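Novice: Below is the file structure_30.cif, with mmCIF, C-alpha atoms and all ligand atoms.
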data_entry
loop_
_atom_site.label_atom_id
_atom_site.label_comp_id
_atom_site.auth_asym_id
_atom_site.auth_seq_id
_atom_site.Cartn_x
_atom_site.Cartn_y
_atom_site.Cartn_z
CA MET L 163 3.87 -24.31 0.96
CA VAL L 164 2.48 -22.24 3.83
CA VAL L 165 -0.21 -19.57 3.46
CA VAL L 166 -0.09 -16.97 6.24
CA GLU L 167 -3.41 -15.16 6.74
CA ALA L 168 -3.84 -12.35 9.28
CA PHE L 169 -7.63 -12.77 9.36
CA ASP L 170 -9.55 -15.81 10.67
CA ARG L 171 -10.67 -16.89 7.18
CA LEU L 172 -9.57 -16.93 3.55
CA LEU L 173 -11.10 -14.74 0.81
CA ALA L 174 -13.08 -12.53 3.21
CA ALA L 175 -15.19 -11.08 0.37
CA MET L 176 -16.53 -14.53 -0.57
CA PRO L 177 -19.51 -16.40 0.95
CA ALA L 178 -18.64 -18.87 3.77
CA GLN L 179 -19.34 -21.90 1.56
CA LEU L 180 -16.71 -20.81 -0.98
CA GLN L 181 -14.24 -19.96 1.79
CA THR L 182 -14.58 -23.51 3.13
CA TYR L 183 -14.15 -24.97 -0.36
CA THR L 184 -10.99 -22.88 -0.88
CA LEU L 185 -9.50 -24.00 2.43
CA GLU L 186 -10.27 -27.68 1.79
CA LYS L 187 -8.90 -27.46 -1.75
CA LEU L 188 -5.66 -25.83 -0.61
CA ARG L 189 -5.21 -28.45 2.13
CA SER L 190 -5.84 -31.26 -0.37
CA MET L 191 -3.03 -29.73 -2.47
CA GLY L 192 -0.68 -30.02 0.52
CA VAL L 193 -0.80 -26.33 1.46
CA GLU L 194 -0.65 -25.49 5.16
CA VAL L 195 -2.88 -22.53 6.04
CA LEU L 196 -2.18 -20.45 9.18
CA PHE L 197 -4.95 -18.14 10.41
CA ASN L 198 -4.67 -15.11 12.72
CA ALA L 199 -0.97 -14.95 11.85
CA ARG L 200 0.88 -11.85 10.66
CA VAL L 201 4.23 -11.65 8.89
CA VAL L 202 6.41 -9.07 10.66
CA ASP L 203 9.75 -9.68 8.94
CA ALA L 204 11.31 -11.63 6.12
CA GLU L 205 14.93 -12.63 5.64
CA PRO L 206 16.59 -14.59 2.80
CA GLU L 207 16.15 -17.89 4.63
CA ARG L 208 13.11 -17.38 6.83
CA VAL L 209 9.85 -15.56 7.48
CA ILE L 210 9.07 -14.30 10.98
CA LEU L 211 5.53 -14.12 12.38
CA HIS L 212 4.06 -11.74 14.98
CA ASP L 213 4.33 -14.33 17.77
CA GLY L 214 8.00 -15.01 17.03
CA ALA L 215 7.32 -18.22 15.10
CA ILE L 216 9.78 -18.80 12.26
CA ILE L 217 8.99 -20.41 8.92
CA PRO L 218 12.11 -21.50 7.02
CA ALA L 219 11.58 -20.28 3.45
CA HIS L 220 13.54 -19.11 0.42
CA THR L 221 10.59 -17.70 -1.48
CA LEU L 222 7.96 -15.31 -0.15
CA PHE L 223 4.95 -14.21 -2.19
CA TRP L 224 3.46 -11.04 -0.75
CA SER L 225 -0.23 -10.59 -1.53
CA ALA L 226 -1.37 -8.44 1.37
CA GLY L 227 -2.46 -5.46 -0.66
CA VAL L 228 -1.31 -2.84 -3.11
CA LYS L 229 -0.34 0.83 -2.75
CA GLY L 230 -1.25 3.86 -4.83
CA ALA L 231 1.47 5.32 -7.09
CA PRO L 232 3.99 7.47 -5.14
CA LEU L 233 3.05 10.42 -7.37
CA ALA L 234 0.20 11.06 -4.89
CA GLU L 235 2.77 12.06 -2.26
CA ALA L 236 3.65 15.10 -4.41
CA LEU L 237 0.21 16.54 -3.62
CA ASP L 238 0.09 18.68 -0.52
CA ILE L 239 -2.95 16.94 0.99
CA PRO L 240 -3.43 14.26 3.66
CA LEU L 241 -3.54 10.85 1.98
CA LYS L 242 -5.70 7.89 2.97
CA PRO L 243 -4.26 4.43 3.85
CA GLY L 244 -2.41 2.88 0.92
CA GLY L 245 -1.23 6.30 -0.26
CA ARG L 246 -4.62 7.02 -1.84
CA VAL L 247 -5.95 10.47 -2.66
CA PRO L 248 -9.46 11.28 -1.38
CA VAL L 249 -11.51 12.34 -4.42
CA GLU L 250 -14.89 14.00 -4.99
CA ALA L 251 -17.89 11.86 -5.98
CA ASP L 252 -17.21 12.68 -9.65
CA LEU L 253 -13.57 11.49 -9.21
CA SER L 254 -12.08 14.97 -9.44
CA LEU L 255 -9.44 16.24 -7.04
CA PRO L 256 -11.03 18.44 -4.31
CA GLY L 257 -10.56 22.07 -5.28
CA HIS L 258 -9.35 21.09 -8.77
CA PRO L 259 -12.30 20.10 -10.97
CA GLU L 260 -9.90 19.95 -13.94
CA VAL L 261 -7.95 17.05 -12.37
CA PHE L 262 -9.36 13.49 -12.23
CA ILE L 263 -7.86 10.67 -10.22
CA VAL L 264 -8.81 7.07 -11.02
CA GLY L 265 -7.80 3.56 -10.03
CA ASP L 266 -5.66 2.55 -7.07
CA MET L 267 -4.67 6.15 -6.42
CA ALA L 268 -8.26 7.31 -5.86
CA TYR L 269 -9.94 6.91 -2.45
CA LEU L 270 -13.73 7.01 -2.58
CA GLU L 271 -16.26 5.54 -0.17
CA GLN L 272 -19.43 3.90 -1.39
CA ASP L 273 -22.16 2.70 0.98
CA GLY L 274 -19.87 3.37 3.94
CA SER L 275 -16.80 1.44 2.77
CA PRO L 276 -13.82 2.44 0.66
CA LEU L 277 -13.84 1.04 -2.88
CA PRO L 278 -11.25 -1.74 -3.15
CA MET L 279 -7.96 -1.37 -5.06
CA ILE L 280 -8.86 -3.82 -7.80
CA ALA L 281 -8.89 -3.78 -11.59
CA PRO L 282 -12.70 -3.57 -12.11
CA VAL L 283 -12.88 -0.41 -9.96
CA ALA L 284 -9.96 1.13 -11.89
CA MET L 285 -11.55 0.24 -15.25
CA GLN L 286 -14.96 1.68 -14.36
CA MET L 287 -13.34 4.80 -12.93
CA GLY L 288 -11.33 5.30 -16.14
CA ILE L 289 -14.47 5.08 -18.28
CA HIS L 290 -16.29 7.42 -15.92
CA ALA L 291 -13.50 10.04 -16.02
CA GLY L 292 -13.65 10.00 -19.84
CA LYS L 293 -17.40 10.61 -19.76
CA ALA L 294 -17.03 13.32 -17.10
CA ILE L 295 -14.47 15.20 -19.23
CA LYS L 296 -16.82 15.00 -22.24
CA CYS L 297 -19.71 16.37 -20.12
CA ARG L 298 -17.57 19.27 -18.92
CA GLU L 299 -16.59 20.09 -22.52
CA GLN L 300 -20.29 20.26 -23.39
CA GLY L 301 -20.89 22.62 -20.47
CA GLN L 302 -22.70 20.01 -18.37
CA PRO L 303 -21.80 19.00 -14.79
CA ALA L 304 -19.76 15.81 -14.44
CA PRO L 305 -21.88 12.81 -13.38
CA LEU L 306 -21.22 11.16 -10.01
CA PHE L 307 -19.34 7.87 -9.99
CA ARG L 308 -20.98 4.69 -8.76
CA TYR L 309 -19.16 1.38 -8.82
CA PHE L 310 -21.12 -1.56 -10.16
CA ASP L 311 -19.88 -4.74 -8.47
CA LYS L 312 -20.10 -7.54 -11.04
CA GLY L 313 -18.82 -10.10 -8.54
CA ASN L 314 -15.63 -11.69 -7.26
CA MET L 315 -13.41 -14.44 -8.55
CA ALA L 316 -10.30 -16.17 -7.28
CA THR L 317 -8.30 -18.98 -8.79
CA ILE L 318 -6.94 -21.57 -6.35
CA GLY L 319 -5.02 -23.89 -8.66
CA LYS L 320 -5.33 -25.95 -11.79
CA SER L 321 -9.04 -26.60 -12.47
CA ALA L 322 -10.08 -24.99 -9.19
CA ALA L 323 -11.47 -21.53 -8.56
CA VAL L 324 -14.34 -19.80 -6.79
CA ALA L 325 -16.64 -17.12 -8.16
CA VAL L 326 -19.69 -15.24 -6.97
CA THR L 327 -21.81 -12.95 -9.12
CA GLN L 328 -25.28 -11.55 -8.56
CA GLY L 329 -25.93 -14.13 -5.83
CA MET L 330 -24.76 -17.04 -8.03
CA LYS L 331 -21.95 -19.11 -6.55
CA LEU L 332 -19.55 -21.23 -8.61
CA LYS L 333 -16.70 -23.45 -7.46
CA GLY L 334 -14.27 -25.98 -8.88
CA TYR L 335 -13.95 -26.54 -12.62
CA PRO L 336 -16.87 -24.31 -13.80
CA ALA L 337 -15.53 -21.39 -11.77
CA TRP L 338 -12.03 -21.99 -13.16
CA ILE L 339 -13.30 -21.97 -16.76
CA ALA L 340 -15.29 -18.78 -16.01
CA TRP L 341 -12.12 -17.20 -14.55
CA LEU L 342 -10.08 -18.11 -17.65
CA LEU L 343 -12.70 -16.88 -20.12
CA LEU L 344 -13.25 -13.61 -18.30
CA HIS L 345 -9.53 -12.85 -18.08
CA LEU L 346 -9.12 -13.63 -21.79
CA TYR L 347 -12.10 -11.41 -22.63
CA TYR L 348 -10.61 -8.44 -20.79
CA LEU L 349 -7.25 -8.64 -22.58
CA ILE L 350 -6.80 -5.93 -25.18
CA GLY L 351 -6.65 -7.15 -28.79
CA PHE L 352 -7.59 -10.43 -30.45
CA ARG L 353 -3.93 -11.38 -30.99
CA ASN L 354 -3.15 -11.08 -27.24
CA ARG L 355 -6.16 -13.23 -26.39
CA VAL L 356 -5.09 -15.99 -28.79
CA VAL L 357 -1.45 -15.91 -27.64
CA VAL L 358 -2.38 -16.06 -23.94
CA MET L 359 -4.93 -18.82 -24.56
CA LEU L 360 -2.36 -20.93 -26.46
CA ASN L 361 0.17 -20.36 -23.66
CA TRP L 362 -2.33 -21.50 -21.07
CA ILE L 363 -3.27 -24.60 -23.08
CA TRP L 364 0.42 -25.43 -23.52
CA TYR L 365 1.07 -25.01 -19.79
CA TYR L 366 -2.03 -27.05 -18.90
CA TRP L 367 -0.92 -30.04 -20.96
CA PHE L 368 2.87 -29.88 -20.72
CA HIS L 369 3.43 -28.10 -17.36
CA GLU L 370 6.02 -25.91 -19.06
CA ARG L 371 6.17 -22.33 -17.83
CA GLN L 372 6.72 -19.42 -20.22
CA VAL L 373 8.91 -17.42 -17.85
CA ARG L 374 11.95 -18.62 -15.94
CA LEU L 375 14.31 -16.61 -13.78
CA ILE L 376 17.97 -17.52 -13.69
CA THR L 377 19.37 -15.77 -10.66
CA GLU L 378 22.94 -15.33 -9.52
CA GLN L 379 24.10 -17.69 -6.80
CA GLU L 380 25.27 -16.24 -3.50
CA SER L 381 28.83 -17.58 -3.97
CA MET L 382 29.18 -15.91 -7.41
CA ARG L 383 28.44 -12.41 -6.15
CA GLN L 384 31.92 -11.42 -4.89
C1 LIG W 1 0.45 -8.80 -7.80
C2 LIG W 1 -0.90 -8.15 -8.01
C3 LIG W 1 -2.00 -8.94 -8.31
C4 LIG W 1 -3.24 -8.37 -8.52
N1 LIG W 1 -4.30 -9.18 -8.82
C5 LIG W 1 -5.49 -8.64 -9.06
C6 LIG W 1 -6.60 -9.47 -9.42
O1 LIG W 1 -6.48 -10.69 -9.52
N2 LIG W 1 -7.79 -8.88 -9.64
C7 LIG W 1 -7.95 -7.53 -9.56
O2 LIG W 1 -9.04 -7.04 -9.83
N3 LIG W 1 -6.93 -6.72 -9.21
C8 LIG W 1 -5.70 -7.24 -8.96
N4 LIG W 1 -4.65 -6.43 -8.61
C9 LIG W 1 -4.89 -4.98 -8.47
C10 LIG W 1 -4.92 -4.31 -9.83
O3 LIG W 1 -3.74 -4.64 -10.54
C11 LIG W 1 -4.98 -2.80 -9.63
O4 LIG W 1 -6.09 -2.48 -8.83
C12 LIG W 1 -5.13 -2.07 -10.96
O5 LIG W 1 -4.06 -2.39 -11.81
C13 LIG W 1 -5.17 -0.57 -10.72
O6 LIG W 1 -5.11 0.11 -11.95
P1 LIG W 1 -4.45 1.53 -12.02
O7 LIG W 1 -4.60 1.98 -13.43
O8 LIG W 1 -4.96 2.39 -10.94
O9 LIG W 1 -2.91 1.31 -11.67
P2 LIG W 1 -1.80 0.49 -12.45
O10 LIG W 1 -2.39 -0.65 -13.20
O11 LIG W 1 -0.75 0.20 -11.41
O12 LIG W 1 -1.26 1.52 -13.51
C14 LIG W 1 -0.58 2.70 -13.11
C15 LIG W 1 0.43 3.02 -14.19
O13 LIG W 1 0.96 4.31 -13.94
C16 LIG W 1 2.36 4.27 -14.09
N5 LIG W 1 2.93 5.35 -13.29
C17 LIG W 1 3.09 5.39 -11.95
N6 LIG W 1 3.66 6.57 -11.58
C18 LIG W 1 3.83 7.28 -12.72
C19 LIG W 1 4.37 8.56 -13.00
N7 LIG W 1 4.83 9.35 -12.03
N8 LIG W 1 4.38 8.96 -14.29
C20 LIG W 1 3.91 8.18 -15.28
N9 LIG W 1 3.41 6.95 -15.07
C21 LIG W 1 3.35 6.50 -13.81
C22 LIG W 1 2.75 2.89 -13.63
O14 LIG W 1 3.99 2.50 -14.15
C23 LIG W 1 1.62 2.06 -14.19
O15 LIG W 1 1.85 1.63 -15.50
C24 LIG W 1 -3.40 -6.97 -8.42
C25 LIG W 1 -2.28 -6.17 -8.12
C26 LIG W 1 -1.06 -6.75 -7.91
C27 LIG W 1 0.13 -5.87 -7.60
#
Can the structure from this file be put into structure tokens for me?
Specialist:
Amino acid sequence: MVVVEAFDRLLAAMPAQLQTYTLEKLRSMGVEVLFNARVVDAEPERVILHDGAIIPAHTLFWSAGVKGAPLAEALDIPLKPGGRVPVEADLSLPGHPEVFIVGDMAYLEQDGSPLPMIAPVAMQMGIHAGKAIKCREQGQPAPLFRYFDKGNMATIGKSAAVAVTQGMKLKGYPAWIAWLLLHLYYLIGFRNRVVVMLNWIWYYWFHERQVRLITEQESMRQ
């Protein structure tokens, strides 16, 4: 497996110590990591990099960012990168206090940088919009949104992850357990949590995946 990274390090939002751990862990798992390399094209049998280098590959996982829902394009306003709609500090659409935009679609800067397109931002924005609507109904002005960064986590592989929260750094097995528990906690409904946990335990012990894709072979497509 080859990881292609356009930047000169992995997990840019993490402290250097956790970046180094991630790189060493991936290499120990047999993963080749290329830095300062950009994918410019992908074909069924190969991936092409900015310098013309070719990586023979059948499967490409794209993880270089998400895009806001195309619904934003219906608005007659200039969008920000990623198809995001610039919003007011209370998350309402400029000129339309009755419209709120939350999650990936909303572009808001905090402390000089745009808020990232990640689930915690979307969740906090959703809660805020609900409160803002309630305030408006009671004749009060909508409060301003401020994102509270609880930290960052990334899973690297089985029993390996990195996490940083409030200055505390975790790596390896403790970070992996923290990642699992937090993701279970945020699932909606007790039943979902139990089902996902049992699936994970099953996969951990028996290496049997829950989802398999059976795809048509090239020769059968005529
Ligand atoms: C592969 C992948 C991995 C990710 N991993 C992480 C991660 O590990 N951690 C993390 O924090 N974030 C992660 N993210 C980002 C995270 O999923 C998003 O930031 C988050 O889901 C944004 O929430 P949202 O409600 O804005 O949008 P979404 O969760 O995308 O929900 C938008 C919903 O609106 C629906 N919709 C769109 N257009 C219309 C329309 N016209 N009418 C009606 N419905 C419509 C969509 O079908 C969708 O259900 C990941 C994203 C991807 C794609």
Novice: Would you mind listing what lies within 8 Å of Leu180 of chain L as a PyMOL selection string, with only C-alpha atoms counted and same-chain residues fewer than 6 positions away left out?
Specialist: chain L and resi 324+331+333
Novice: Between L:Met330, L:Met191, L:Val164, L:Ala284, single out the one closest to ligand LIG 1 (chain W), counting all atoms listed in the file.
Specialist: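 Checking each candidate against ligand LIG 1 (chain W), we get L:Ala284 as the closest.
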Novice: To one decimal in Å, tell me the separation between atom CA of Lys293 of chain L and atom CA of Pro278 of chain L.
Specialist: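 Taking atom CA of Lys293 of chain L as the start and atom CA of Pro278 of chain L as the end point, the length is 21.6 Å.
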Novice: Taking all atoms listed in the file into account, list the residues no farther than 6 Å from ligand LIG 1 (chain W), as a short mmCIF file (atom, residue, chain, number, x, y, z; two decimals) with C-alpha atoms, in the coordinates of the input.
Specialist:
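Done, and the output landed in result.cif:
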data_model
loop_
_atom_site.label_atom_id
_atom_site.label_comp_id
_atom_site.auth_asym_id
_atom_site.auth_seq_id
_atom_site.Cartn_x
_atom_site.Cartn_y
_atom_site.Cartn_z
CA VAL L 228 -1.31 -2.84 -3.11
CA ALA L 231 1.47 5.32 -7.09
CA LEU L 233 3.05 10.42 -7.37
CA GLY L 265 -7.80 3.56 -10.03
CA ASP L 266 -5.66 2.55 -7.07
CA MET L 267 -4.67 6.15 -6.42
CA MET L 279 -7.96 -1.37 -5.06
CA ILE L 280 -8.86 -3.82 -7.80
CA ALA L 281 -8.89 -3.78 -11.59
CA PRO L 282 -12.70 -3.57 -12.11
CA ALA L 284 -9.96 1.13 -11.89
#
Novice: Write out as an NGL selection string the residues lying within 9 Å of segment 295-312 of chain L, counting all atoms listed in the file and excluding same-chain residues fewer than 3 positions away.
Specialist: :L and (250-253 or 260 or 262 or 272 or 277 or 282-283 or 286-287 or 290-292 or 326-328)
Novice: Pick out the residues sitting within 10 Å of Glu167 of chain L, and hand them over as a CSV table (one decimal) with C-alpha atoms, in the frame of the given file; count all atoms listed in the file, and ignore anything fewer than 4 positions along from it in its own chain.
Specialist:
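Final file, around.csv:
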chain,number,residue,atom,x,y,z
L,171,ARG,CA,-10.7,-16.9,7.2
L,172,LEU,CA,-9.6,-16.9,3.6
L,173,LEU,CA,-11.1,-14.7,0.8
L,195,VAL,CA,-2.9,-22.5,6.0
L,196,LEU,CA,-2.2,-20.4,9.2
L,197,PHE,CA,-5.0,-18.1,10.4
L,198,ASN,CA,-4.7,-15.1,12.7
L,199,ALA,CA,-1.0,-15.0,11.8
L,200,ARG,CA,0.9,-11.8,10.7
L,201,VAL,CA,4.2,-11.6,8.9
L,225,SER,CA,-0.2,-10.6,-1.5
L,226,ALA,CA,-1.4,-8.4,1.4
Novice: Do you have the atom CA of Glu271 of chain L-atom CA of Val247 of chain L distance handy?
Specialist: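 Interatomic distance, atom CA of Glu271 of chain L to atom CA of Val247 of chain L: 11.7 Å.
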Novice: Here's a test: counting all atoms listed in the file, identify every protein, DNA and RNA residue with an atom at most 12 Å from (-9.4, 15.5, -5.1) in the file's coordinate frame, and state them as a PDB file with C-alpha atoms, in the coordinates of the input.
Specialist:
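What landed in selection00.pdb:
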ATOM      1  CA  ALA L 234       0.200  11.060  -4.890  1.00  0.00           C
ATOM      2  CA  LEU L 237       0.210  16.540  -3.620  1.00  0.00           C
ATOM      3  CA  ASP L 238       0.090  18.680  -0.520  1.00  0.00           C
ATOM      4  CA  ILE L 239      -2.950  16.940   0.990  1.00  0.00           C
ATOM      5  CA  PRO L 240      -3.430  14.260   3.660  1.00  0.00           C
ATOM      6  CA  LEU L 241      -3.540  10.850   1.980  1.00  0.00           C
ATOM      7  CA  LYS L 242      -5.700   7.890   2.970  1.00  0.00           C
ATOM      8  CA  ARG L 246      -4.620   7.020  -1.840  1.00  0.00           C
ATOM      9  CA  VAL L 247      -5.950  10.470  -2.660  1.00  0.00           C
ATOM     10  CA  PRO L 248      -9.460  11.280  -1.380  1.00  0.00           C
ATOM     11  CA  VAL L 249     -11.510  12.340  -4.420  1.00  0.00           C
ATOM     12  CA  GLU L 250     -14.890  14.000  -4.990  1.00  0.00           C
ATOM     13  CA  ALA L 251     -17.890  11.860  -5.980  1.00  0.00           C
ATOM     14  CA  ASP L 252     -17.210  12.680  -9.650  1.00  0.00           C
ATOM     15  CA  LEU L 253     -13.570  11.490  -9.210  1.00  0.00           C
ATOM     16  CA  SER L 254     -12.080  14.970  -9.440  1.00  0.00           C
ATOM     17  CA  LEU L 255      -9.440  16.240  -7.040  1.00  0.00           C
ATOM     18  CA  PRO L 256     -11.030  18.440  -4.310  1.00  0.00           C
ATOM     19  CA  GLY L 257     -10.560  22.070  -5.280  1.00  0.00           C
ATOM     20  CA  HIS L 258      -9.350  21.090  -8.770  1.00  0.00           C
ATOM     21  CA  PRO L 259     -12.300  20.100 -10.970  1.00  0.00           C
ATOM     22  CA  GLU L 260      -9.900  19.950 -13.940  1.00  0.00           C
ATOM     23  CA  VAL L 261      -7.950  17.050 -12.370  1.00  0.00           C
ATOM     24  CA  PHE L 262      -9.360  13.490 -12.230  1.00  0.00           C
ATOM     25  CA  ILE L 263      -7.860  10.670 -10.220  1.00  0.00           C
ATOM     26  CA  VAL L 264      -8.810   7.070 -11.020  1.00  0.00           C
ATOM     27  CA  MET L 267      -4.670   6.150  -6.420  1.00  0.00           C
ATOM     28  CA  ALA L 268      -8.260   7.310  -5.860  1.00  0.00           C
ATOM     29  CA  TYR L 269      -9.940   6.910  -2.450  1.00  0.00           C
ATOM     30  CA  LEU L 270     -13.730   7.010  -2.580  1.00  0.00           C
TER      31      LEU L 270
END
Novice: Atom CA of Arg371 of chain L to atom CA of Val357 of chain L: how many Å, to one decimal?
Specialist: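 Going from atom CA of Arg371 of chain L over to atom CA of Val357 of chain L covers 14.0 Å.
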Novice: Mind writing segment 356-365 of chain L to a file for me, with all heavy atoms, as a PDB file, in the first residue's frame?
Specialist:
ATOM      1  N   VAL L 356     -24.582  -1.217  20.616  1.00  0.00           N
ATOM      2  CA  VAL L 356     -24.297  -2.631  20.916  1.00  0.00           C
ATOM      3  C   VAL L 356     -23.969  -3.381  19.626  1.00  0.00           C
ATOM      4  O   VAL L 356     -22.994  -4.147  19.567  1.00  0.00           O
ATOM      5  CB  VAL L 356     -25.502  -3.276  21.655  1.00  0.00           C
ATOM      6  CG1 VAL L 356     -25.309  -4.777  21.790  1.00  0.00           C
ATOM      7  CG2 VAL L 356     -25.688  -2.628  23.016  1.00  0.00           C
ATOM      8  N   VAL L 357     -24.765  -3.137  18.569  1.00  0.00           N
ATOM      9  CA  VAL L 357     -24.545  -3.859  17.305  1.00  0.00           C
ATOM     10  C   VAL L 357     -23.158  -3.537  16.743  1.00  0.00           C
ATOM     11  O   VAL L 357     -22.396  -4.429  16.356  1.00  0.00           O
ATOM     12  CB  VAL L 357     -25.657  -3.495  16.274  1.00  0.00           C
ATOM     13  CG1 VAL L 357     -25.306  -4.022  14.894  1.00  0.00           C
ATOM     14  CG2 VAL L 357     -26.994  -4.048  16.729  1.00  0.00           C
ATOM     15  N   VAL L 358     -22.802  -2.249  16.725  1.00  0.00           N
ATOM     16  CA  VAL L 358     -21.497  -1.858  16.177  1.00  0.00           C
ATOM     17  C   VAL L 358     -20.370  -2.449  17.031  1.00  0.00           C
ATOM     18  O   VAL L 358     -19.378  -2.971  16.509  1.00  0.00           O
ATOM     19  CB  VAL L 358     -21.386  -0.315  16.081  1.00  0.00           C
ATOM     20  CG1 VAL L 358     -19.967   0.110  15.737  1.00  0.00           C
ATOM     21  CG2 VAL L 358     -22.355   0.216  15.039  1.00  0.00           C
ATOM     22  N   MET L 359     -20.543  -2.405  18.362  1.00  0.00           N
ATOM     23  CA  MET L 359     -19.495  -2.933  19.241  1.00  0.00           C
ATOM     24  C   MET L 359     -19.294  -4.437  18.997  1.00  0.00           C
ATOM     25  O   MET L 359     -18.162  -4.906  18.891  1.00  0.00           O
ATOM     26  CB  MET L 359     -19.849  -2.681  20.706  1.00  0.00           C
ATOM     27  CG  MET L 359     -18.686  -2.958  21.627  1.00  0.00           C
ATOM     28  SD  MET L 359     -19.063  -2.487  23.298  1.00  0.00           S
ATOM     29  CE  MET L 359     -20.261  -3.695  23.722  1.00  0.00           C
ATOM     30  N   LEU L 360     -20.413  -5.172  18.857  1.00  0.00           N
ATOM     31  CA  LEU L 360     -20.294  -6.620  18.609  1.00  0.00           C
ATOM     32  C   LEU L 360     -19.628  -6.872  17.252  1.00  0.00           C
ATOM     33  O   LEU L 360     -18.798  -7.773  17.121  1.00  0.00           O
ATOM     34  CB  LEU L 360     -21.676  -7.281  18.659  1.00  0.00           C
ATOM     35  CG  LEU L 360     -22.307  -7.348  20.058  1.00  0.00           C
ATOM     36  CD1 LEU L 360     -23.701  -7.936  19.993  1.00  0.00           C
ATOM     37  CD2 LEU L 360     -21.441  -8.153  21.030  1.00  0.00           C
ATOM     38  N   ASN L 361     -19.983  -6.061  16.252  1.00  0.00           N
ATOM     39  CA  ASN L 361     -19.338  -6.201  14.938  1.00  0.00           C
ATOM     40  C   ASN L 361     -17.841  -5.984  15.040  1.00  0.00           C
ATOM     41  O   ASN L 361     -17.042  -6.717  14.448  1.00  0.00           O
ATOM     42  CB  ASN L 361     -19.913  -5.168  13.956  1.00  0.00           C
ATOM     43  CG  ASN L 361     -21.195  -5.651  13.335  1.00  0.00           C
ATOM     44  OD1 ASN L 361     -21.474  -6.846  13.304  1.00  0.00           O
ATOM     45  ND2 ASN L 361     -22.007  -4.726  12.869  1.00  0.00           N
ATOM     46  N   TRP L 362     -17.461  -4.950  15.769  1.00  0.00           N
ATOM     47  CA  TRP L 362     -16.029  -4.659  15.913  1.00  0.00           C
ATOM     48  C   TRP L 362     -15.307  -5.795  16.634  1.00  0.00           C
ATOM     49  O   TRP L 362     -14.208  -6.169  16.255  1.00  0.00           O
ATOM     50  CB  TRP L 362     -15.847  -3.351  16.689  1.00  0.00           C
ATOM     51  CG  TRP L 362     -16.124  -2.126  15.867  1.00  0.00           C
ATOM     52  CD1 TRP L 362     -16.373  -2.077  14.526  1.00  0.00           C
ATOM     53  CD2 TRP L 362     -16.184  -0.782  16.346  1.00  0.00           C
ATOM     54  NE1 TRP L 362     -16.595  -0.788  14.140  1.00  0.00           N
ATOM     55  CE2 TRP L 362     -16.484   0.035  15.218  1.00  0.00           C
ATOM     56  CE3 TRP L 362     -16.023  -0.184  17.580  1.00  0.00           C
ATOM     57  CZ2 TRP L 362     -16.621   1.409  15.327  1.00  0.00           C
ATOM     58  CZ3 TRP L 362     -16.143   1.190  17.682  1.00  0.00           C
ATOM     59  CH2 TRP L 362     -16.442   1.978  16.573  1.00  0.00           C
ATOM     60  N   ILE L 363     -15.925  -6.309  17.699  1.00  0.00           N
ATOM     61  CA  ILE L 363     -15.285  -7.405  18.451  1.00  0.00           C
ATOM     62  C   ILE L 363     -15.122  -8.626  17.532  1.00  0.00           C
ATOM     63  O   ILE L 363     -14.071  -9.260  17.483  1.00  0.00           O
ATOM     64  CB  ILE L 363     -16.112  -7.760  19.705  1.00  0.00           C
ATOM     65  CG1 ILE L 363     -16.052  -6.598  20.707  1.00  0.00           C
ATOM     66  CG2 ILE L 363     -15.628  -9.060  20.343  1.00  0.00           C
ATOM     67  CD1 ILE L 363     -16.988  -6.729  21.885  1.00  0.00           C
ATOM     68  N   TRP L 364     -16.184  -8.903  16.762  1.00  0.00           N
ATOM     69  CA  TRP L 364     -16.144 -10.046  15.837  1.00  0.00           C
ATOM     70  C   TRP L 364     -15.004  -9.867  14.825  1.00  0.00           C
ATOM     71  O   TRP L 364     -14.214 -10.766  14.574  1.00  0.00           O
ATOM     72  CB  TRP L 364     -17.490 -10.146  15.101  1.00  0.00           C
ATOM     73  CG  TRP L 364     -17.604 -11.382  14.274  1.00  0.00           C
ATOM     74  CD1 TRP L 364     -17.252 -11.531  12.967  1.00  0.00           C
ATOM     75  CD2 TRP L 364     -18.068 -12.669  14.716  1.00  0.00           C
ATOM     76  NE1 TRP L 364     -17.466 -12.805  12.548  1.00  0.00           N
ATOM     77  CE2 TRP L 364     -17.977 -13.531  13.590  1.00  0.00           C
ATOM     78  CE3 TRP L 364     -18.551 -13.158  15.926  1.00  0.00           C
ATOM     79  CZ2 TRP L 364     -18.359 -14.866  13.671  1.00  0.00           C
ATOM     80  CZ3 TRP L 364     -18.937 -14.493  15.975  1.00  0.00           C
ATOM     81  CH2 TRP L 364     -18.828 -15.327  14.869  1.00  0.00           C
ATOM     82  N   TYR L 365     -14.906  -8.656  14.265  1.00  0.00           N
ATOM     83  CA  TYR L 365     -13.868  -8.392  13.269  1.00  0.00           C
ATOM     84  C   TYR L 365     -12.480  -8.469  13.911  1.00  0.00           C
ATOM     85  O   TYR L 365     -11.536  -9.001  13.323  1.00  0.00           O
ATOM     86  CB  TYR L 365     -14.101  -7.026  12.619  1.00  0.00           C
ATOM     87  CG  TYR L 365     -13.000  -6.676  11.647  1.00  0.00           C
ATOM     88  CD1 TYR L 365     -12.700  -7.512  10.569  1.00  0.00           C
ATOM     89  CD2 TYR L 365     -12.240  -5.522  11.820  1.00  0.00           C
ATOM     90  CE1 TYR L 365     -11.671  -7.206   9.697  1.00  0.00           C
ATOM     91  CE2 TYR L 365     -11.206  -5.216  10.951  1.00  0.00           C
ATOM     92  CZ  TYR L 365     -10.926  -6.066   9.897  1.00  0.00           C
ATOM     93  OH  TYR L 365      -9.898  -5.776   9.033  1.00  0.00           O
TER      94      TYR L 365
END
